[in-house]
$ cat structure_39.cif   # mmCIF, C-alpha atoms
data_work
loop_
_atom_site.group_PDB
_atom_site.id
_atom_site.type_symbol
_atom_site.label_atom_id
_atom_site.label_comp_id
_atom_site.auth_asym_id
_atom_site.auth_seq_id
_atom_site.Cartn_x
_atom_site.Cartn_y
_atom_site.Cartn_z
ATOM 1 C CA MET A 21 -12.302 45.307 21.212
ATOM 2 C CA ILE A 22 -11.280 41.710 20.553
ATOM 3 C CA ARG A 23 -13.621 41.729 17.579
ATOM 4 C CA ARG A 24 -11.973 44.902 16.263
ATOM 5 C CA LEU A 25 -8.466 43.505 16.653
ATOM 6 C CA PHE A 26 -9.260 40.079 15.193
ATOM 7 C CA PRO A 27 -11.965 40.472 12.538
ATOM 8 C CA HIS A 28 -11.401 36.905 11.347
ATOM 9 C CA PRO A 29 -10.099 34.777 14.221
ATOM 10 C CA VAL A 30 -9.993 31.588 12.167
ATOM 11 C CA LEU A 31 -7.957 33.327 9.476
ATOM 12 C CA SER A 32 -5.550 34.621 12.128
ATOM 13 C CA ILE A 33 -5.028 31.147 13.573
ATOM 14 C CA ALA A 34 -4.599 29.669 10.093
ATOM 15 C CA LEU A 35 -2.023 32.320 9.178
ATOM 16 C CA VAL A 36 -0.015 31.667 12.345
ATOM 17 C CA ALA A 37 -0.076 27.919 11.661
ATOM 18 C CA VAL A 38 0.914 28.307 7.998
ATOM 19 C CA TRP A 39 3.707 30.739 8.889
ATOM 20 C CA LEU A 40 5.163 28.353 11.459
ATOM 21 C CA LEU A 41 4.884 25.408 9.057
ATOM 22 C CA LEU A 42 6.636 27.415 6.342
ATOM 23 C CA LEU A 43 9.427 28.260 8.770
ATOM 24 C CA ASN A 44 9.543 24.553 9.616
ATOM 25 C CA SER A 45 10.721 25.237 13.166
ATOM 26 C CA VAL A 46 9.177 26.692 16.294
ATOM 27 C CA THR A 47 11.391 29.478 17.597
ATOM 28 C CA LEU A 48 10.408 32.474 19.710
ATOM 29 C CA GLY A 49 11.269 34.955 16.965
ATOM 30 C CA GLY A 50 9.311 32.985 14.384
ATOM 31 C CA PHE A 51 6.339 32.759 16.714
ATOM 32 C CA VAL A 52 6.331 36.518 17.366
ATOM 33 C CA LEU A 53 6.510 37.248 13.640
ATOM 34 C CA ALA A 54 3.742 34.703 13.018
ATOM 35 C CA ILE A 55 1.498 36.480 15.524
ATOM 36 C CA ILE A 56 2.274 39.854 13.913
ATOM 37 C CA VAL A 57 1.372 38.482 10.468
ATOM 38 C CA GLY A 58 -1.719 36.768 11.861
ATOM 39 C CA THR A 59 -2.910 40.081 13.326
ATOM 40 C CA VAL A 60 -1.971 42.532 10.609
ATOM 41 C CA VAL A 61 -3.096 40.637 7.510
ATOM 42 C CA PRO A 62 -6.720 40.088 8.661
ATOM 43 C CA LEU A 63 -6.865 43.735 9.787
ATOM 44 C CA LEU A 64 -5.672 44.986 6.398
ATOM 45 C CA THR A 65 -7.965 42.689 4.412
ATOM 46 C CA ALA A 66 -11.047 43.090 6.624
ATOM 47 C CA PRO A 67 -12.539 45.910 4.468
ATOM 48 C CA PHE A 68 -12.678 43.495 1.516
ATOM 49 C CA TRP A 69 -14.320 40.796 3.603
ATOM 50 C CA PRO A 70 -16.925 42.437 5.814
ATOM 51 C CA ASN A 71 -18.959 39.395 6.860
ATOM 52 C CA ARG A 72 -17.495 36.717 9.033
ATOM 53 C CA PRO A 73 -18.446 33.290 7.686
ATOM 54 C CA GLN A 74 -20.158 31.072 10.211
ATOM 55 C CA LEU A 75 -18.120 27.904 10.444
ATOM 56 C CA ARG A 76 -18.926 24.756 12.344
ATOM 57 C CA PHE A 77 -15.849 22.779 13.311
ATOM 58 C CA GLY A 78 -15.880 19.129 14.117
ATOM 59 C CA TRP A 79 -16.888 15.884 12.564
ATOM 60 C CA PRO A 80 -18.588 17.210 9.376
ATOM 61 C CA MET A 81 -15.364 18.988 8.383
ATOM 62 C CA ILE A 82 -13.215 15.872 8.821
ATOM 63 C CA ASP A 83 -15.840 13.824 6.994
ATOM 64 C CA TYR A 84 -15.854 16.323 4.120
ATOM 65 C CA LEU A 85 -12.046 16.420 3.872
ATOM 66 C CA ALA A 86 -11.831 12.632 3.834
ATOM 67 C CA ILE A 87 -14.506 12.349 1.130
ATOM 68 C CA VAL A 88 -12.814 14.987 -1.027
ATOM 69 C CA LEU A 89 -9.328 13.450 -0.706
ATOM 70 C CA TRP A 90 -10.705 10.015 -1.543
ATOM 71 C CA ASP A 91 -12.574 11.415 -4.546
ATOM 72 C CA VAL A 92 -9.469 13.255 -5.786
ATOM 73 C CA LEU A 93 -7.617 9.933 -5.712
ATOM 74 C CA ILE A 94 -10.408 8.120 -7.584
ATOM 75 C CA ALA A 95 -10.837 11.069 -9.976
ATOM 76 C CA ASN A 96 -7.240 10.760 -11.086
ATOM 77 C CA PHE A 97 -7.622 7.126 -12.051
ATOM 78 C CA GLY A 98 -10.948 7.805 -13.767
ATOM 79 C CA VAL A 99 -9.648 10.737 -15.798
ATOM 80 C CA ALA A 100 -6.433 8.882 -16.652
ATOM 81 C CA ARG A 101 -8.509 5.963 -17.973
ATOM 82 C CA LEU A 102 -10.650 8.334 -20.051
ATOM 83 C CA ILE A 103 -7.580 10.064 -21.479
ATOM 84 C CA LEU A 104 -5.822 6.839 -22.383
ATOM 85 C CA PHE A 105 -8.591 4.549 -23.591
ATOM 86 C CA ARG A 106 -11.664 6.547 -24.623
ATOM 87 C CA ARG A 107 -11.963 7.746 -28.201
ATOM 88 C CA SER A 108 -12.831 11.435 -28.523
ATOM 89 C CA GLU A 109 -16.082 10.670 -30.352
ATOM 90 C CA ASP A 110 -17.303 8.553 -27.445
ATOM 91 C CA LEU A 111 -16.707 11.212 -24.812
ATOM 92 C CA HIS A 112 -20.033 12.478 -23.494
ATOM 93 C CA SER A 113 -18.872 15.877 -22.347
ATOM 94 C CA ALA A 114 -21.667 18.204 -21.302
ATOM 95 C CA TRP A 115 -22.517 21.467 -19.588
ATOM 96 C CA LEU A 116 -24.439 21.052 -16.356
ATOM 97 C CA THR A 117 -26.422 23.622 -14.387
ATOM 98 C CA VAL A 118 -26.206 22.897 -10.706
ATOM 99 C CA PRO A 119 -28.838 24.829 -8.730
ATOM 100 C CA LEU A 120 -27.327 25.945 -5.437
ATOM 101 C CA ASP A 121 -28.848 25.760 -1.982
ATOM 102 C CA LEU A 122 -25.730 27.250 -0.443
ATOM 103 C CA ARG A 123 -25.882 31.032 -0.012
ATOM 104 C CA THR A 124 -22.644 32.278 1.548
ATOM 105 C CA PRO A 125 -19.832 33.161 -0.892
ATOM 106 C CA GLU A 126 -17.294 31.159 1.108
ATOM 107 C CA ALA A 127 -19.388 28.000 0.911
ATOM 108 C CA ILE A 128 -19.958 28.425 -2.832
ATOM 109 C CA THR A 129 -16.213 28.908 -3.329
ATOM 110 C CA MET A 130 -15.534 25.696 -1.439
ATOM 111 C CA LEU A 131 -18.079 23.829 -3.551
ATOM 112 C CA ALA A 132 -16.682 25.220 -6.813
ATOM 113 C CA GLY A 133 -13.137 24.283 -5.796
ATOM 114 C CA THR A 134 -14.223 20.793 -4.808
ATOM 115 C CA ILE A 135 -16.043 20.299 -8.098
ATOM 116 C CA SER A 136 -12.919 21.328 -10.006
ATOM 117 C CA LEU A 137 -10.718 18.901 -8.090
ATOM 118 C CA THR A 138 -12.969 15.841 -8.288
ATOM 119 C CA PRO A 139 -14.071 13.335 -10.944
ATOM 120 C CA GLY A 140 -14.295 14.729 -14.439
ATOM 121 C CA THR A 141 -16.065 17.956 -13.490
ATOM 122 C CA LEU A 142 -14.926 21.562 -13.685
ATOM 123 C CA SER A 143 -16.791 24.574 -12.350
ATOM 124 C CA SER A 144 -16.800 27.259 -15.031
ATOM 125 C CA ASP A 145 -19.138 30.070 -14.077
ATOM 126 C CA LEU A 146 -21.632 31.287 -11.542
ATOM 127 C CA ALA A 147 -25.044 32.757 -12.289
ATOM 128 C CA GLY A 148 -25.329 36.508 -11.838
ATOM 129 C CA ASP A 149 -27.462 36.092 -8.735
ATOM 130 C CA GLY A 150 -25.250 33.343 -7.316
ATOM 131 C CA ARG A 151 -27.997 30.726 -7.336
ATOM 132 C CA SER A 152 -26.599 28.231 -9.818
ATOM 133 C CA LEU A 153 -23.212 26.997 -10.929
ATOM 134 C CA LEU A 154 -22.131 26.177 -14.484
ATOM 135 C CA VAL A 155 -20.174 22.918 -14.485
ATOM 136 C CA HIS A 156 -18.413 21.239 -17.377
ATOM 137 C CA ALA A 157 -18.345 17.451 -17.182
ATOM 138 C CA LEU A 158 -15.786 15.442 -19.148
ATOM 139 C CA ASP A 159 -17.926 12.334 -19.349
ATOM 140 C CA ALA A 160 -21.548 12.545 -18.187
ATOM 141 C CA PRO A 161 -23.919 10.297 -20.125
ATOM 142 C CA ASP A 162 -26.658 11.018 -17.553
ATOM 143 C CA ARG A 163 -26.698 14.717 -16.644
ATOM 144 C CA GLU A 164 -29.450 14.538 -14.040
ATOM 145 C CA ALA A 165 -27.576 11.824 -12.165
ATOM 146 C CA GLU A 166 -24.355 13.861 -12.252
ATOM 147 C CA VAL A 167 -26.082 16.959 -10.854
ATOM 148 C CA ARG A 168 -27.743 14.815 -8.171
ATOM 149 C CA ARG A 169 -24.384 13.294 -7.280
ATOM 150 C CA ILE A 170 -22.752 16.717 -6.833
ATOM 151 C CA LYS A 171 -25.633 18.008 -4.732
ATOM 152 C CA HIS A 172 -25.919 14.898 -2.620
ATOM 153 C CA ARG A 173 -22.235 14.181 -2.110
ATOM 154 C CA TYR A 174 -20.710 17.631 -1.641
ATOM 155 C CA GLU A 175 -23.353 20.306 -1.192
ATOM 156 C CA ARG A 176 -25.279 18.414 1.481
ATOM 157 C CA ARG A 177 -22.075 17.992 3.494
ATOM 158 C CA LEU A 178 -21.054 21.638 3.010
ATOM 159 C CA MET A 179 -24.462 22.770 4.319
ATOM 160 C CA ARG A 180 -23.519 21.163 7.623
ATOM 161 C CA ILE A 181 -20.175 23.009 7.786
ATOM 162 C CA PHE A 182 -21.609 26.402 6.756
ATOM 163 C CA PRO A 183 -24.959 26.492 8.558
ATOM 164 C CA MET B 27 17.963 3.022 4.268
ATOM 165 C CA ASN B 28 15.504 0.181 4.560
ATOM 166 C CA PRO B 29 14.928 -1.471 1.134
ATOM 167 C CA LEU B 30 11.176 -1.565 1.796
ATOM 168 C CA ILE B 31 11.064 2.215 2.279
ATOM 169 C CA GLU B 32 13.225 2.691 -0.801
ATOM 170 C CA GLY B 33 10.765 0.556 -2.745
ATOM 171 C CA ILE B 34 7.802 2.615 -1.536
ATOM 172 C CA ILE B 35 9.528 5.880 -2.444
ATOM 173 C CA ALA B 36 10.476 4.588 -5.880
ATOM 174 C CA GLY B 37 6.925 3.351 -6.462
ATOM 175 C CA LEU B 38 5.441 6.704 -5.485
ATOM 176 C CA LEU B 39 7.853 8.574 -7.761
ATOM 177 C CA VAL B 40 7.001 6.323 -10.704
ATOM 178 C CA LEU B 41 3.267 6.702 -9.993
ATOM 179 C CA GLY B 42 3.601 10.491 -9.766
ATOM 180 C CA GLY B 43 5.628 10.651 -12.957
ATOM 181 C CA SER B 44 3.112 8.516 -14.861
ATOM 182 C CA PHE B 45 0.154 10.625 -13.743
ATOM 183 C CA THR B 46 1.894 13.842 -14.696
ATOM 184 C CA LEU B 47 2.697 12.326 -18.089
ATOM 185 C CA ILE B 48 -0.908 11.177 -18.600
ATOM 186 C CA GLY B 49 -2.193 14.622 -17.610
ATOM 187 C CA SER B 50 0.074 16.282 -20.153
ATOM 188 C CA TRP B 51 -0.919 13.720 -22.776
ATOM 189 C CA GLY B 52 -4.553 14.610 -22.071
ATOM 190 C CA LEU B 53 -3.727 18.250 -22.687
ATOM 191 C CA VAL B 54 -2.480 17.307 -26.154
ATOM 192 C CA ARG B 55 -5.009 14.641 -27.024
ATOM 193 C CA LEU B 56 -8.425 15.817 -25.858
ATOM 194 C CA PRO B 57 -10.508 17.556 -28.521
ATOM 195 C CA SER B 58 -11.381 21.011 -27.180
ATOM 196 C CA LEU B 59 -10.358 23.612 -24.659
ATOM 197 C CA MET B 60 -12.920 22.701 -22.013
ATOM 198 C CA THR B 61 -12.081 18.996 -22.153
ATOM 199 C CA ARG B 62 -8.374 19.774 -22.169
ATOM 200 C CA LEU B 63 -8.742 21.655 -18.923
ATOM 201 C CA HIS B 64 -9.675 18.383 -17.213
ATOM 202 C CA GLY B 65 -6.232 16.841 -17.733
ATOM 203 C CA PRO B 66 -4.058 19.331 -15.867
ATOM 204 C CA THR B 67 -6.548 19.998 -13.033
ATOM 205 C CA LYS B 68 -6.866 16.384 -11.966
ATOM 206 C CA ALA B 69 -4.165 14.054 -13.165
ATOM 207 C CA THR B 70 -1.519 16.536 -12.111
ATOM 208 C CA THR B 71 -2.840 16.855 -8.553
ATOM 209 C CA LEU B 72 -2.103 13.199 -7.870
ATOM 210 C CA GLY B 73 1.147 13.402 -9.864
ATOM 211 C CA VAL B 74 2.525 16.187 -7.726
ATOM 212 C CA GLY B 75 0.870 14.674 -4.646
ATOM 213 C CA SER B 76 2.679 11.363 -4.862
ATOM 214 C CA CYS B 77 6.035 13.074 -5.446
ATOM 215 C CA LEU B 78 5.405 15.146 -2.324
ATOM 216 C CA VAL B 79 4.458 12.081 -0.264
ATOM 217 C CA ALA B 80 7.622 10.381 -1.509
ATOM 218 C CA SER B 81 9.617 13.414 -0.363
ATOM 219 C CA MET B 82 7.884 13.356 3.036
ATOM 220 C CA ILE B 83 8.922 9.715 3.470
ATOM 221 C CA PHE B 84 12.446 10.164 2.101
ATOM 222 C CA PHE B 85 13.751 12.977 4.298
ATOM 223 C CA PRO B 86 12.925 11.490 7.721
ATOM 224 C CA ALA B 87 14.055 8.033 6.504
ATOM 225 C CA ALA B 88 17.399 9.431 5.354
ATOM 226 C CA GLY B 89 17.878 11.091 8.741
ATOM 227 C CA LEU B 90 17.504 14.620 7.396
ATOM 228 C CA GLY B 91 14.586 15.548 9.610
ATOM 229 C CA PHE B 92 10.906 15.991 9.035
ATOM 230 C CA THR B 93 9.722 18.920 6.941
ATOM 231 C CA ALA B 94 6.221 20.335 6.683
ATOM 232 C CA HIS B 95 6.834 22.140 3.413
ATOM 233 C CA GLU B 96 5.235 19.359 1.371
ATOM 234 C CA LEU B 97 1.970 19.830 3.250
ATOM 235 C CA MET B 98 2.073 23.533 2.456
ATOM 236 C CA ILE B 99 2.748 22.839 -1.229
ATOM 237 C CA THR B 100 -0.280 20.516 -1.268
ATOM 238 C CA LEU B 101 -2.420 23.164 0.415
ATOM 239 C CA PHE B 102 -1.412 25.922 -2.012
ATOM 240 C CA LEU B 103 -1.846 23.602 -4.993
ATOM 241 C CA PHE B 104 -5.353 22.678 -3.873
ATOM 242 C CA ILE B 105 -6.235 26.359 -3.489
ATOM 243 C CA THR B 106 -4.733 27.604 -6.755
ATOM 244 C CA ALA B 107 -5.459 24.785 -9.250
ATOM 245 C CA PRO B 108 -9.275 25.220 -9.288
ATOM 246 C CA ILE B 109 -8.989 29.006 -9.439
ATOM 247 C CA SER B 110 -6.727 29.075 -12.487
ATOM 248 C CA ALA B 111 -8.928 26.470 -14.201
ATOM 249 C CA HIS B 112 -11.974 28.592 -13.379
ATOM 250 C CA MET B 113 -10.381 31.706 -14.858
ATOM 251 C CA ILE B 114 -9.398 29.880 -18.063
ATOM 252 C CA ALA B 115 -12.937 28.486 -18.397
ATOM 253 C CA LYS B 116 -14.440 31.930 -17.841
ATOM 254 C CA SER B 117 -12.249 33.561 -20.460
ATOM 255 C CA HIS B 118 -13.146 30.752 -22.870
ATOM 256 C CA ILE B 119 -16.863 31.332 -22.283
ATOM 257 C CA HIS B 120 -16.289 35.040 -22.754
ATOM 258 C CA ARG B 121 -14.388 34.538 -25.979
ATOM 259 C CA GLN B 122 -16.779 32.082 -27.589
ATOM 260 C CA GLY B 123 -19.454 34.742 -27.712
ATOM 261 C CA HIS B 124 -22.770 34.494 -26.049
ATOM 262 C CA ARG B 125 -23.930 31.054 -27.024
ATOM 263 C CA LEU B 126 -22.432 28.636 -29.505
ATOM 264 C CA ASP B 127 -19.155 26.842 -29.039
ATOM 265 C CA PRO B 128 -17.092 27.457 -32.190
ATOM 266 C CA ASN B 129 -15.244 24.194 -31.681
ATOM 267 C CA PRO B 130 -17.773 21.351 -31.689
ATOM 268 C CA ALA B 131 -15.108 18.625 -31.702
ATOM 269 C CA ASP B 132 -15.922 17.716 -28.133
ATOM 270 C CA GLY B 133 -19.503 16.837 -29.006
ATOM 271 C CA ILE B 134 -20.996 19.880 -27.319
ATOM 272 C CA ARG B 135 -22.937 21.329 -30.234
ATOM 273 C CA GLU B 136 -25.436 22.994 -27.981
ATOM 274 C CA ALA B 137 -25.446 26.326 -26.249
ATOM 275 C CA LEU B 138 -24.737 26.890 -22.584
ATOM 276 C CA PRO B 139 -27.690 25.743 -20.497
ATOM 277 C CA PRO B 140 -29.890 28.415 -18.879
ATOM 278 C CA THR B 141 -29.186 29.331 -15.286
ATOM 279 C CA GLY B 142 -32.665 28.433 -14.139
ATOM 280 C CA GLY B 143 -32.870 31.833 -12.437
ATOM 281 C CA PRO B 144 -33.733 35.381 -13.448
ATOM 282 C CA THR B 145 -30.151 36.383 -14.301
ATOM 283 C CA ASP B 146 -27.687 35.158 -16.896
ATOM 284 C CA TRP B 147 -24.289 33.599 -16.175
ATOM 285 C CA ALA B 148 -22.020 36.081 -14.446
ATOM 286 C CA THR B 149 -19.671 36.365 -17.445
ATOM 287 C CA TYR B 150 -22.468 37.742 -19.637
ATOM 288 C CA TRP B 151 -24.597 39.432 -17.065
ATOM 289 C CA GLN B 152 -24.414 43.203 -17.154
ATOM 290 C CA GLY B 153 -25.827 43.623 -13.671
ATOM 291 C CA GLY B 154 -28.891 45.637 -12.914
ATOM 292 C CA GLU B 155 -31.845 46.135 -10.601
ATOM 293 C CA GLY B 156 -29.413 46.466 -7.742
ATOM 294 C CA THR B 157 -29.271 42.738 -7.061
ATOM 295 C CA PRO B 158 -26.190 41.936 -5.008
ATOM 296 C CA LEU B 159 -24.153 39.048 -6.343
ATOM 297 C CA VAL B 160 -24.689 36.855 -3.317
ATOM 298 C CA VAL B 161 -26.487 37.933 -0.196
ATOM 299 C CA SER B 162 -24.797 36.672 2.907
ATOM 300 C CA ASP B 163 -27.223 36.040 5.720
ATOM 301 C CA ALA B 164 -24.571 36.562 8.359
ATOM 302 C CA ASP B 165 -24.525 39.919 10.161
ATOM 303 C CA GLN B 166 -27.900 40.948 8.834
ATOM 304 C CA PRO B 167 -31.186 41.636 10.554
ATOM 305 C CA PRO B 168 -33.551 38.672 10.314
ATOM 306 C CA ARG B 169 -34.549 38.292 6.696
ATOM 307 C CA GLU B 170 -36.644 41.176 5.457
ATOM 308 C CA GLN B 171 -35.223 42.009 2.075
ATOM 309 C CA SER B 172 -33.664 38.678 1.161
ATOM 310 C CA ASP B 173 -35.272 35.660 -0.473
ATOM 311 C CA GLY B 174 -37.759 37.681 -2.427
ATOM 312 C CA ARG B 175 -38.131 35.012 -5.071
ATOM 313 C CA GLY B 176 -37.855 32.148 -2.643
#

$ encode --input "structure_39.cif" --output "C-alpha cells"
Amino acid sequence: MIRRLFPHPVLSIALVAVWLLLLNSVTLGGFVLAIIVGTVVPLLTAPFWPNRPQLRFGWPMIDYLAIVLWDVLIANFGVARLILFRRSEDLHSAWLTVPLDLRTPEAITMLAGTISLTPGTLSSDLAGDGRSLLVHALDAPDREAEVRRIKHRYERRLMRIFP
Amino acid sequence: MNPLIEGIIAGLLVLGGSFTLIGSWGLVRLPSLMTRLHGPTKATTLGVGSCLVASMIFFPAAGLGFTAHELMITLFLFITAPISAHMIAKSHIHRQGHRLDPNPADGIREALPPTGGPTDWATYWQGGEGTPLVVSDADQPPREQSDGRG
C-alpha cells in the first residue's frame, strides 16, 4: 500500500523540500501543497521509471558531493587558464572511451553529469549497451591517465552510493 | 553594512563576472565545436555560482532576510548544464557522419574511438538482438539472463 502510494520515496521527499525552498517560507498551506505535489508527481511519472534505484545515504554521499564541488572550483581555474594562455595548436584535445563498471541508469547519469561539470572533460555519448562512455577531453596529453583518474576519482565513489 | 562584507560581495561579483567573460571568450576563441562546449559548461558554473553566493550574503546582511532561491538556482543549473551540453555533443556526433570530424582544427584528426563492447555508440547504433539499453539489477530475480558476456 505504502509502496503503491509512494513509488519513489526519496523523490517525494526531495520534491517536498524543493517546493518549500522555492516558496521560501514554511506555511501550512505551502506544506499541504508540497505534500500533494510530492505524492502526485512520483505517481504520475512512475510508469516511466519502473525500477527504484538503490541508494545508500551517509558518508559516501557527502564525500562525493565535497569532491565534486571542489573539482568544479578547480576545473574553472584550469579551463580559464587553458582558454586564456594556451595556443590552439598546443591543445591536446582527445576522445576517451571510459569503460563503465556502473550498471544502473541513475548511477551512469550521475557519472556523466559529474564528468561534464569537472576539469576539461565532457561526456558526449553512451555505448548502445551502456557499458562505456564517450568523453571529450579539452586537454589530455595522457589518455590512459585521464581515464584512470575518472574511474578512480568518481566511479569508485559512485559505486559506494549505488551498490 | 559592514565594509568587510561589502568587500567580500564586491570581490565575488567581480570574480563571477570575470569567469563568465572568460567562458564566453572561450566560446569565441576555441577552435572547434567540441572544444567550444567546454567554455560554457565550466567557466560559467563558477561565474553564476559566485554571483549567487554574493546574493546569498547580500540579502541577510542588508536586513532583507535569508532566501533559499539561490540554492535552488544552483541545483537546477547543475542538473541542466550537463544535459544541454550532452545533447549538443550528441547532435554534433550525429551530424559529422559516422567517423571523421570534418573540422580538424582542434587536432582531433582521428575517428571516434571504439566502444570496446559489442555495440556501437548509442547515436549510431540501430539496436538489435533485443539487448536492453542498460539492465538494472534492481527488482529482478537473481541474475539469470544478465551478464552474459561478463

$ axis_aligned_box --input "structure_39.cif" --around "region 23-26 of chain A" --padding-each-side "8 Å" --output "lines of an AutoDock Vina configuration file"
center_x = -11.0
center_y = 42.5
center_z = 16.4
size_x = 21.2
size_y = 20.8
size_z = 18.4

$ atom_distance --input "structure_39.cif" --atom1 "CA of Ile31 (chain B)" --atom2 "CA of Asp83 (chain A)"
29.7 Å

$ resolve_selection --input "structure_39.cif" --expression "the PyMOL selection byres ((chain A) within 7 of (chain B))" --output "PyMOL selection string"
chain A and resi 41-42+44+71+73+93+95-96+99-100+103+108+113-115+117+123-125+133+136-137+140+143-150+152+158

$ residues_around --input "structure_39.cif" --residues "region 22-35 of chain A" --least-positions-apart "3" --cutoff "8 Å" --atoms "all atoms listed in the file" --output "list in words"
Val38, Trp39, Ala54, Val57, Gly58, Thr59, Val61, Pro62, Leu63, Ala66 and Arg72 of chain A

$ resolve_selection --input "structure_39.cif" --expression "the PyMOL selection byres ((chain A and resi 170) around 12)" --output "number ranges by chain"
A: 88, 91, 116-121, 131-132, 134-136, 138-143, 153, 155, 157, 163-169, 171-178

$ atom_distance --input "structure_39.cif" --atom1 "CA of Ser81 (chain B)" --atom2 "CA of Leu102 (chain A)"
28.7 Å

$ resolve_selection --input "structure_39.cif" --expression "the PyMOL selection byres ((chain B and resi 84) around 12)" --output "number ranges by chain"
B: 27-36, 38-39, 77-83, 85-93, 96

$ residues_around --input "structure_39.cif" --residues "Leu75 (chain A)" --least-positions-apart "5" --cutoff "9 Å" --atoms "only C-alpha atoms" --output "PyMOL selection string"
chain A and resi 181-183

$ atom_distance --input "structure_39.cif" --atom1 "CA of Met179 (chain A)" --atom2 "CA of Gly98 (chain A)"
27.1 Å

$ closest_residue --input "structure_39.cif" --among "B:Ser76, B:Val40, B:Arg121, B:Pro66" --to "Thr100 (chain B)" --atoms "all atoms listed in the file"
B:Ser76
